[in-house]
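Participant: Dumping the structure here so I can ask a few things about it.
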Amino acid sequence: MIEELHFPAGCHLFGRWQEGDLEAEKRLKEIFDGTIAGDYDEVFVNNEPKHGVQASASINLFVLGVLSKFYGLNSAEAYKGDAKRYVRVSLMIRKLLGLPKLYIEWPVYAFTAEALGAVMMYPEGAPPGTDPGIPLINRDNWQDLCTPAMDGEIPKLFDDILECYQELTGLEPVLHLTAPYSLAADIYGQAELVTALSDEPEHVNELLDHLVDVVLKPWADHFFEKFPNGWLELSDASGSPFFIGPEKCRDMAIRSIRRLKDENEWGARVYDANYRGDYVTQAVKSARSSRRRSAPQKDHSTDLSFAELCDIKQDVCTDYVMRLHDDRMPLHLYYDKAIERNVPIFIGIGASQIDRNSIADLALAKEEITSLCAEYVDSIKTVANAIADNGYDVRVPPWPGAIYFEDVSANTNMEIMEIIVGTALNQGALKA
């Protein structure tokens, strides 16, 4: 139906568009016009993916770029104006890029805070965010925060998006919300929350529990009543070890998510996979005193080992091991941990690795990414084959394992994208 869906033709088409090719722009407009009209819905029906290493991605920035460029939509219109349009364009972009996993996502941090009434900013050509100068809550009024109305703009938008996604693909919907700590940072203020971490840790935990009880649990109850076979994905970048240290990540950020998992009948369908910065477990504790005598800096020293931190993270992401680009720890540690736990491994590709504006020497970048992806694919296959031997069925979700693009946008270098996806497709076959 669309010849550009035969990989890597779609990557080539996007690449020509990025270079200003008017014929490529015309062809993409034709494809997206038909996509929005529903002409190509049949290509989104879930087909059993190839039995091998998969590729997946966060692409909401790419969707914004397409809807802005071709239809003149601003950020609010692109993300919130038409749920079916957003879903169809998202799925078609994935198809054109050669990404077999038809996952749906959105600007999670902004939307979760907006649902609570936070003052928002929708910059031209950029995703939304909360206004850092106008926090929604403070030390005196945080207990007044109430459960968002499920028929309000954002919760209803999510329902509409996921209904359309489920109808088009036949796949289980995933509700994507902000985890308690990052939500607190967005509506209370990053600086104020970091200060409270040191001065009033009990207050921080009370705040996180309040967000669990009055925001996330009621929202999850609504979602699972509507989509019993769905999943709740939480994102918690601000609660990562890199930002607040491993112990506070464990005792505050992950502790609050554990409440959702442990105290609810749908808890096994809740996960958070985006804690980053595992390298902080290598900090030298003896450096603490020298840092405290100098200008204030993040104290990443820790009593937790990498293995302990990995186990703690697995408490809230039990179905696979995730190694993100910013974790910066040797890859073998992660695939050893995946084999030990008998689960697949996902390996992240950072936004800076694929951004056109971040690549100074394209030839060198292509050489490096080719070698790196071969290592990634081999590692994913090693884990998949090992756990299959142990009785894990790699043909069911969360699949044999995947390369995960942490952010793909209209500024992603399509030659680099083609190398990465092509390596997964061409070298990712598993043993029978």
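Residue names in the structure tokens use chain letters A, B, ... in the order shown, residue numbers from 1 in each chain, and ligand numbers from 1 in the order shown.
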When you look at range 172-177 of chain A with a cut-off of 8 Å (counting only C-alpha atoms), what residues show up, excluding the ones that are within fewer than 4 positions of it in the same chain? I need them as a PyMOL selection string.
Facilitator: chain A and resi 104-106+108-109+112+158+162-163+165-166+223+227+229-235
Participant: Which residues are near Phe242 in chain A? Cut-off 9 Å, only C-alpha atoms, ignore same chain within fewer than 2 positions. Put them as a PyMOL selection string.
Facilitator: chain A and resi 237-240+244-246+275-280+298+300+326-327
Participant: Enumerate as a compact mmCIF listing (two decimals) with C-alpha atoms, in the first residue's frame all residues of range 52-188 of chain A assigned to strand (DSSP E or B) by DSSP on the backbone, naming them with the chain letters and numbers the document uses.
Facilitator:
# COMPACT_ATOMS: atom_id res chain seq x y z
CA GLY A 52 14.44 -11.63 16.87
CA GLN A 54 13.31 -5.60 18.31
CA ALA A 55 13.68 -1.83 18.05
CA SER A 56 11.44 0.61 19.91
CA ALA A 57 11.47 4.33 20.55
CA MET A 120 1.78 25.27 31.66
CA MET A 121 4.04 26.59 28.93
CA GLY A 129 6.28 21.91 30.37
CA THR A 130 5.23 23.38 33.68
CA VAL A 174 -0.23 1.48 28.23
CA LEU A 175 -1.16 4.48 30.37
CA HIS A 176 1.93 6.67 30.78
CA LEU A 177 2.01 8.87 33.89
CA THR A 178 4.63 10.67 35.96
Participant: Within 9 Å of range 412-424 of chain A, counting only C-alpha atoms, which residues show up once you throw out same-chain ones fewer than 6 positions away? Write them as a ChimeraX atom specification, please.
Facilitator: /A:7-8,11-12,14-15,18,52-55,62,97-99,351,353-357,359,362,365-366,369-370,373-374,376-377,402-403
Participant: Only N, CA, C and O atoms, please: the residues just picked out, written as a short mmCIF file (atom, residue, chain, number, x, y, z; two decimals), in the first residue's frame.
Facilitator:
data_model
loop_
_atom_site.label_atom_id
_atom_site.label_comp_id
_atom_site.auth_asym_id
_atom_site.auth_seq_id
_atom_site.Cartn_x
_atom_site.Cartn_y
_atom_site.Cartn_z
N PHE A 7 11.45 -1.13 4.82
CA PHE A 7 12.68 -0.58 5.38
C PHE A 7 13.85 -0.83 4.42
O PHE A 7 13.96 -1.92 3.85
N PRO A 8 14.73 0.19 4.20
CA PRO A 8 14.83 1.49 4.87
C PRO A 8 14.26 2.65 4.06
O PRO A 8 14.70 3.80 4.22
N CYS A 11 13.13 5.70 6.10
CA CYS A 11 14.26 6.50 6.63
C CYS A 11 14.84 7.38 5.53
O CYS A 11 15.19 8.55 5.76
N HIS A 12 14.96 6.83 4.32
CA HIS A 12 15.50 7.62 3.20
C HIS A 12 14.58 8.79 2.88
O HIS A 12 15.05 9.91 2.59
N PHE A 14 12.46 10.37 4.95
CA PHE A 14 12.63 11.38 6.00
C PHE A 14 13.96 12.11 5.85
O PHE A 14 14.04 13.32 6.07
N GLY A 15 15.01 11.39 5.48
CA GLY A 15 16.31 12.02 5.30
C GLY A 15 16.29 13.06 4.20
O GLY A 15 16.86 14.16 4.35
N GLN A 18 14.51 16.13 5.43
CA GLN A 18 15.36 16.95 6.29
C GLN A 18 16.32 17.82 5.50
O GLN A 18 16.68 18.92 5.94
N GLY A 52 13.08 -12.11 16.71
CA GLY A 52 14.44 -11.63 16.87
C GLY A 52 14.46 -10.33 17.65
O GLY A 52 13.45 -9.88 18.19
N VAL A 53 15.62 -9.71 17.71
CA VAL A 53 15.82 -8.47 18.43
C VAL A 53 14.91 -7.38 17.85
O VAL A 53 14.80 -7.23 16.64
N GLN A 54 14.24 -6.65 18.73
CA GLN A 54 13.31 -5.60 18.31
C GLN A 54 13.93 -4.22 18.48
O GLN A 54 14.97 -4.05 19.13
N ALA A 55 13.29 -3.23 17.87
CA ALA A 55 13.68 -1.83 18.05
C ALA A 55 12.44 -1.05 18.44
O ALA A 55 11.37 -1.23 17.84
N PHE A 62 8.98 13.72 17.44
CA PHE A 62 8.88 13.57 16.00
C PHE A 62 7.44 13.86 15.54
O PHE A 62 7.22 14.52 14.52
N LEU A 97 9.84 4.46 10.00
CA LEU A 97 11.19 4.33 10.54
C LEU A 97 11.64 2.87 10.65
O LEU A 97 12.80 2.60 10.93
N GLY A 98 10.72 1.94 10.43
CA GLY A 98 11.07 0.53 10.53
C GLY A 98 11.01 -0.02 11.93
O GLY A 98 11.61 -1.06 12.22
N LEU A 99 10.25 0.65 12.81
CA LEU A 99 10.12 0.21 14.20
C LEU A 99 8.90 -0.69 14.32
O LEU A 99 7.76 -0.24 14.16
N ALA A 351 19.61 10.34 23.07
CA ALA A 351 19.23 11.33 22.06
C ALA A 351 20.46 11.96 21.41
O ALA A 351 20.47 12.21 20.19
N GLN A 353 23.26 10.70 20.73
CA GLN A 353 23.95 9.79 19.83
C GLN A 353 23.38 9.82 18.42
O GLN A 353 24.05 9.40 17.47
N ILE A 354 22.16 10.30 18.27
CA ILE A 354 21.50 10.24 16.97
C ILE A 354 21.04 11.61 16.46
O ILE A 354 20.52 11.71 15.35
N ASP A 355 21.26 12.66 17.24
CA ASP A 355 20.79 13.99 16.84
C ASP A 355 21.70 14.59 15.77
O ASP A 355 22.93 14.60 15.91
N ARG A 356 21.11 15.10 14.71
CA ARG A 356 21.88 15.66 13.59
C ARG A 356 22.79 16.79 14.05
O ARG A 356 23.90 16.96 13.54
N ASN A 357 22.31 17.58 14.99
CA ASN A 357 23.07 18.76 15.44
C ASN A 357 24.15 18.43 16.44
O ASN A 357 24.95 19.30 16.81
N ILE A 359 26.25 15.70 16.00
CA ILE A 359 27.24 14.84 15.35
C ILE A 359 28.21 15.71 14.55
O ILE A 359 27.86 16.30 13.53
N LEU A 362 30.20 12.80 10.80
CA LEU A 362 29.20 11.79 10.50
C LEU A 362 29.84 10.45 10.16
O LEU A 362 29.37 9.40 10.60
N ALA A 365 30.90 8.89 13.34
CA ALA A 365 29.72 8.50 14.12
C ALA A 365 29.10 7.23 13.56
O ALA A 365 28.68 6.35 14.32
N LYS A 366 29.05 7.10 12.25
CA LYS A 366 28.47 5.91 11.63
C LYS A 366 29.33 4.68 11.92
O LYS A 366 28.80 3.59 12.19
N ILE A 369 28.73 3.82 15.69
CA ILE A 369 27.41 3.28 15.99
C ILE A 369 27.24 1.90 15.39
O ILE A 369 26.53 1.04 15.95
N THR A 370 27.88 1.63 14.27
CA THR A 370 27.81 0.30 13.67
C THR A 370 28.42 -0.74 14.60
O THR A 370 27.84 -1.81 14.84
N CYS A 373 26.20 -1.00 17.89
CA CYS A 373 24.93 -1.72 17.72
C CYS A 373 25.15 -3.21 17.53
O CYS A 373 24.31 -4.01 17.98
N ALA A 374 26.23 -3.58 16.88
CA ALA A 374 26.53 -5.01 16.76
C ALA A 374 26.72 -5.62 18.15
O ALA A 374 26.24 -6.73 18.43
N TYR A 376 25.39 -4.39 20.95
CA TYR A 376 24.09 -4.36 21.61
C TYR A 376 23.23 -5.54 21.17
O TYR A 376 22.61 -6.24 22.00
N VAL A 377 23.15 -5.75 19.86
CA VAL A 377 22.32 -6.83 19.33
C VAL A 377 22.83 -8.19 19.81
O VAL A 377 22.05 -9.06 20.21
N ALA A 402 15.21 -5.60 23.27
CA ALA A 402 15.10 -4.52 22.29
C ALA A 402 16.20 -3.48 22.45
O ALA A 402 16.71 -3.25 23.54
N ILE A 403 16.52 -2.84 21.33
CA ILE A 403 17.23 -1.57 21.33
C ILE A 403 16.17 -0.49 21.46
O ILE A 403 15.18 -0.49 20.72
#
Participant: Residues at most 9 Å from Leu61 in chain A, counting only C-alpha atoms, excluding those fewer than 5 positions away in the same chain, as a PyMOL selection string?
Facilitator: chain A and resi 66+106-107+126-127+407-410
Participant: Would you put the residues from that selection into a file with all heavy atoms, as a compact mmCIF listing (two decimals), in the first residue's frame?
Facilitator:
# COMPACT_ATOMS: atom_id res chain seq x y z
N VAL A 66 6.27 16.70 12.77
CA VAL A 66 5.47 16.43 11.58
C VAL A 66 4.20 17.27 11.57
O VAL A 66 3.86 17.91 10.56
CB VAL A 66 5.12 14.92 11.50
CG1 VAL A 66 3.99 14.67 10.51
CG2 VAL A 66 6.35 14.12 11.12
N TRP A 106 3.41 10.07 25.01
CA TRP A 106 3.13 11.50 24.93
C TRP A 106 4.04 12.24 25.91
O TRP A 106 4.84 11.61 26.63
CB TRP A 106 1.66 11.74 25.30
CG TRP A 106 1.19 10.96 26.48
CD1 TRP A 106 1.52 11.15 27.80
CD2 TRP A 106 0.33 9.81 26.46
NE1 TRP A 106 0.91 10.20 28.60
CE2 TRP A 106 0.16 9.37 27.82
CE3 TRP A 106 -0.34 9.11 25.45
CZ2 TRP A 106 -0.62 8.28 28.16
CZ3 TRP A 106 -1.11 8.02 25.81
CH2 TRP A 106 -1.26 7.61 27.13
N PRO A 107 4.00 13.58 25.96
CA PRO A 107 4.83 14.34 26.92
C PRO A 107 4.34 14.11 28.35
O PRO A 107 3.57 14.88 28.91
CB PRO A 107 4.65 15.80 26.49
CG PRO A 107 4.03 15.76 25.14
CD PRO A 107 3.23 14.50 25.08
N ALA A 126 8.03 23.30 20.38
CA ALA A 126 8.65 22.50 21.45
C ALA A 126 7.57 21.87 22.30
O ALA A 126 6.44 22.36 22.36
CB ALA A 126 9.57 23.38 22.30
N PRO A 127 7.89 20.78 23.00
CA PRO A 127 6.89 20.14 23.84
C PRO A 127 6.56 21.00 25.06
O PRO A 127 7.33 21.88 25.44
CB PRO A 127 7.57 18.83 24.25
CG PRO A 127 9.03 19.11 24.16
CD PRO A 127 9.17 20.06 23.00
N ASP A 407 14.93 9.04 22.61
CA ASP A 407 14.23 10.19 22.02
C ASP A 407 14.54 10.25 20.53
O ASP A 407 15.71 10.39 20.15
CB ASP A 407 14.63 11.51 22.67
CG ASP A 407 13.72 11.93 23.80
OD1 ASP A 407 12.49 11.92 23.58
OD2 ASP A 407 14.22 12.25 24.89
N VAL A 408 13.51 10.15 19.69
CA VAL A 408 13.65 10.30 18.25
C VAL A 408 12.82 11.52 17.85
O VAL A 408 11.66 11.65 18.25
CB VAL A 408 13.16 9.05 17.49
CG1 VAL A 408 13.24 9.27 15.98
CG2 VAL A 408 13.99 7.84 17.89
N SER A 409 13.40 12.41 17.07
CA SER A 409 12.71 13.63 16.66
C SER A 409 12.94 13.89 15.19
O SER A 409 13.63 13.12 14.50
CB SER A 409 13.22 14.82 17.48
OG SER A 409 14.52 15.20 17.05
N ALA A 410 12.37 14.97 14.70
CA ALA A 410 12.58 15.35 13.30
C ALA A 410 14.02 15.78 13.05
O ALA A 410 14.42 15.96 11.90
CB ALA A 410 11.62 16.48 12.92
Participant: Can you pull out every residue within 10 Å of Ala338 in chain A, counting only C-alpha atoms, but drop anything in the same chain fewer than 4 positions away, and send it as a list in words?
Facilitator: Gln314, Asp319, Tyr320, Val321, Met322, His332, Leu333, Tyr334, Asn342, Val343, Pro344, Ile345, Phe346, Ile380, Val383, Ala384, Ala386 and Ile387 of chain A
Participant: For Ala429 in chain A, which residue out of A:Asp336, A:Leu96, A:Arg258, A:His51 is the nearest one, using only C-alpha atoms?
Facilitator: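 The closest residue to Ala429 in chain A is A:His51.
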Participant: Do a neighbour search on Tyr122 in chain A at 12 Å with only C-alpha atoms, toss out local chain neighbours closer than 3 positions, and write the hits as a PyMOL selection string.
Facilitator: chain A and resi 64+73-80+107+110-111+114+119+125-131
Participant: Limited to N, CA, C and O atoms, could you put the picked residues into a file as an mmCIF file, in the first residue's frame?
Facilitator:
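This is the output file result08.cif:
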data_model
loop_
_atom_site.group_PDB
_atom_site.id
_atom_site.type_symbol
_atom_site.label_atom_id
_atom_site.label_comp_id
_atom_site.auth_asym_id
_atom_site.auth_seq_id
_atom_site.Cartn_x
_atom_site.Cartn_y
_atom_site.Cartn_z
ATOM 1 N N LEU A 64 5.328 15.841 16.968
ATOM 2 C CA LEU A 64 5.189 17.294 17.013
ATOM 3 C C LEU A 64 5.812 17.944 15.786
ATOM 4 O O LEU A 64 5.224 18.841 15.179
ATOM 5 N N LEU A 73 0.375 23.210 13.061
ATOM 6 C CA LEU A 73 -0.199 23.120 14.400
ATOM 7 C C LEU A 73 0.810 23.561 15.458
ATOM 8 O O LEU A 73 1.999 23.248 15.353
ATOM 9 N N ASN A 74 0.329 24.270 16.454
ATOM 10 C CA ASN A 74 1.215 24.582 17.572
ATOM 11 C C ASN A 74 1.290 23.378 18.510
ATOM 12 O O ASN A 74 0.633 22.359 18.297
ATOM 13 N N SER A 75 2.071 23.497 19.553
ATOM 14 C CA SER A 75 2.323 22.363 20.441
ATOM 15 C C SER A 75 1.038 21.840 21.079
ATOM 16 O O SER A 75 0.787 20.631 21.123
ATOM 17 N N ALA A 76 0.201 22.739 21.573
ATOM 18 C CA ALA A 76 -1.043 22.309 22.219
ATOM 19 C C ALA A 76 -1.964 21.622 21.222
ATOM 20 O O ALA A 76 -2.582 20.590 21.524
ATOM 21 N N GLU A 77 -2.077 22.176 20.021
ATOM 22 C CA GLU A 77 -2.947 21.581 19.001
ATOM 23 C C GLU A 77 -2.432 20.215 18.567
ATOM 24 O O GLU A 77 -3.207 19.280 18.358
ATOM 25 N N ALA A 78 -1.118 20.097 18.415
ATOM 26 C CA ALA A 78 -0.540 18.836 17.948
ATOM 27 C C ALA A 78 -0.780 17.716 18.948
ATOM 28 O O ALA A 78 -1.170 16.601 18.575
ATOM 29 N N TYR A 79 -0.547 18.006 20.209
ATOM 30 C CA TYR A 79 -0.636 16.963 21.227
ATOM 31 C C TYR A 79 -2.061 16.711 21.714
ATOM 32 O O TYR A 79 -2.403 15.582 22.077
ATOM 33 N N LYS A 80 -2.897 17.755 21.739
ATOM 34 C CA LYS A 80 -4.200 17.625 22.392
ATOM 35 C C LYS A 80 -5.384 17.839 21.455
ATOM 36 O O LYS A 80 -6.525 17.599 21.847
ATOM 37 N N PRO A 107 3.996 13.578 25.964
ATOM 38 C CA PRO A 107 4.830 14.340 26.919
ATOM 39 C C PRO A 107 4.343 14.106 28.354
ATOM 40 O O PRO A 107 3.575 14.883 28.910
ATOM 41 N N ALA A 110 4.693 16.761 31.474
ATOM 42 C CA ALA A 110 3.849 17.947 31.324
ATOM 43 C C ALA A 110 2.378 17.607 31.509
ATOM 44 O O ALA A 110 1.657 18.274 32.262
ATOM 45 N N PHE A 111 1.920 16.542 30.854
ATOM 46 C CA PHE A 111 0.494 16.241 30.876
ATOM 47 C C PHE A 111 0.001 15.811 32.255
ATOM 48 O O PHE A 111 -1.110 16.159 32.660
ATOM 49 N N GLU A 114 -0.287 18.936 34.218
ATOM 50 C CA GLU A 114 -1.380 19.769 33.705
ATOM 51 C C GLU A 114 -2.733 19.255 34.189
ATOM 52 O O GLU A 114 -3.636 20.040 34.481
ATOM 53 N N VAL A 119 0.310 25.428 36.064
ATOM 54 C CA VAL A 119 0.435 26.442 35.017
ATOM 55 C C VAL A 119 1.429 25.928 33.977
ATOM 56 O O VAL A 119 2.550 25.537 34.312
ATOM 57 N N GLY A 125 6.939 25.162 18.663
ATOM 58 C CA GLY A 125 7.781 24.108 18.105
ATOM 59 C C GLY A 125 8.449 23.219 19.132
ATOM 60 O O GLY A 125 9.338 22.439 18.794
ATOM 61 N N ALA A 126 8.033 23.305 20.382
ATOM 62 C CA ALA A 126 8.653 22.504 21.448
ATOM 63 C C ALA A 126 7.569 21.873 22.304
ATOM 64 O O ALA A 126 6.436 22.363 22.355
ATOM 65 N N PRO A 127 7.891 20.782 22.999
ATOM 66 C CA PRO A 127 6.895 20.135 23.844
ATOM 67 C C PRO A 127 6.564 20.995 25.059
ATOM 68 O O PRO A 127 7.333 21.876 25.441
ATOM 69 N N PRO A 128 5.425 20.739 25.691
ATOM 70 C CA PRO A 128 5.010 21.557 26.834
ATOM 71 C C PRO A 128 5.794 21.226 28.092
ATOM 72 O O PRO A 128 6.469 20.199 28.194
ATOM 73 N N GLY A 129 5.678 22.121 29.054
ATOM 74 C CA GLY A 129 6.277 21.913 30.366
ATOM 75 C C GLY A 129 5.611 22.821 31.373
ATOM 76 O O GLY A 129 4.913 23.770 31.016
ATOM 77 N N THR A 130 5.785 22.518 32.642
ATOM 78 C CA THR A 130 5.227 23.378 33.680
ATOM 79 C C THR A 130 6.043 24.665 33.782
ATOM 80 O O THR A 130 7.238 24.691 33.475
ATOM 81 N N ASP A 131 5.389 25.718 34.213
ATOM 82 C CA ASP A 131 6.067 26.999 34.433
ATOM 83 C C ASP A 131 6.825 26.905 35.759
ATOM 84 O O ASP A 131 6.199 26.838 36.827
#
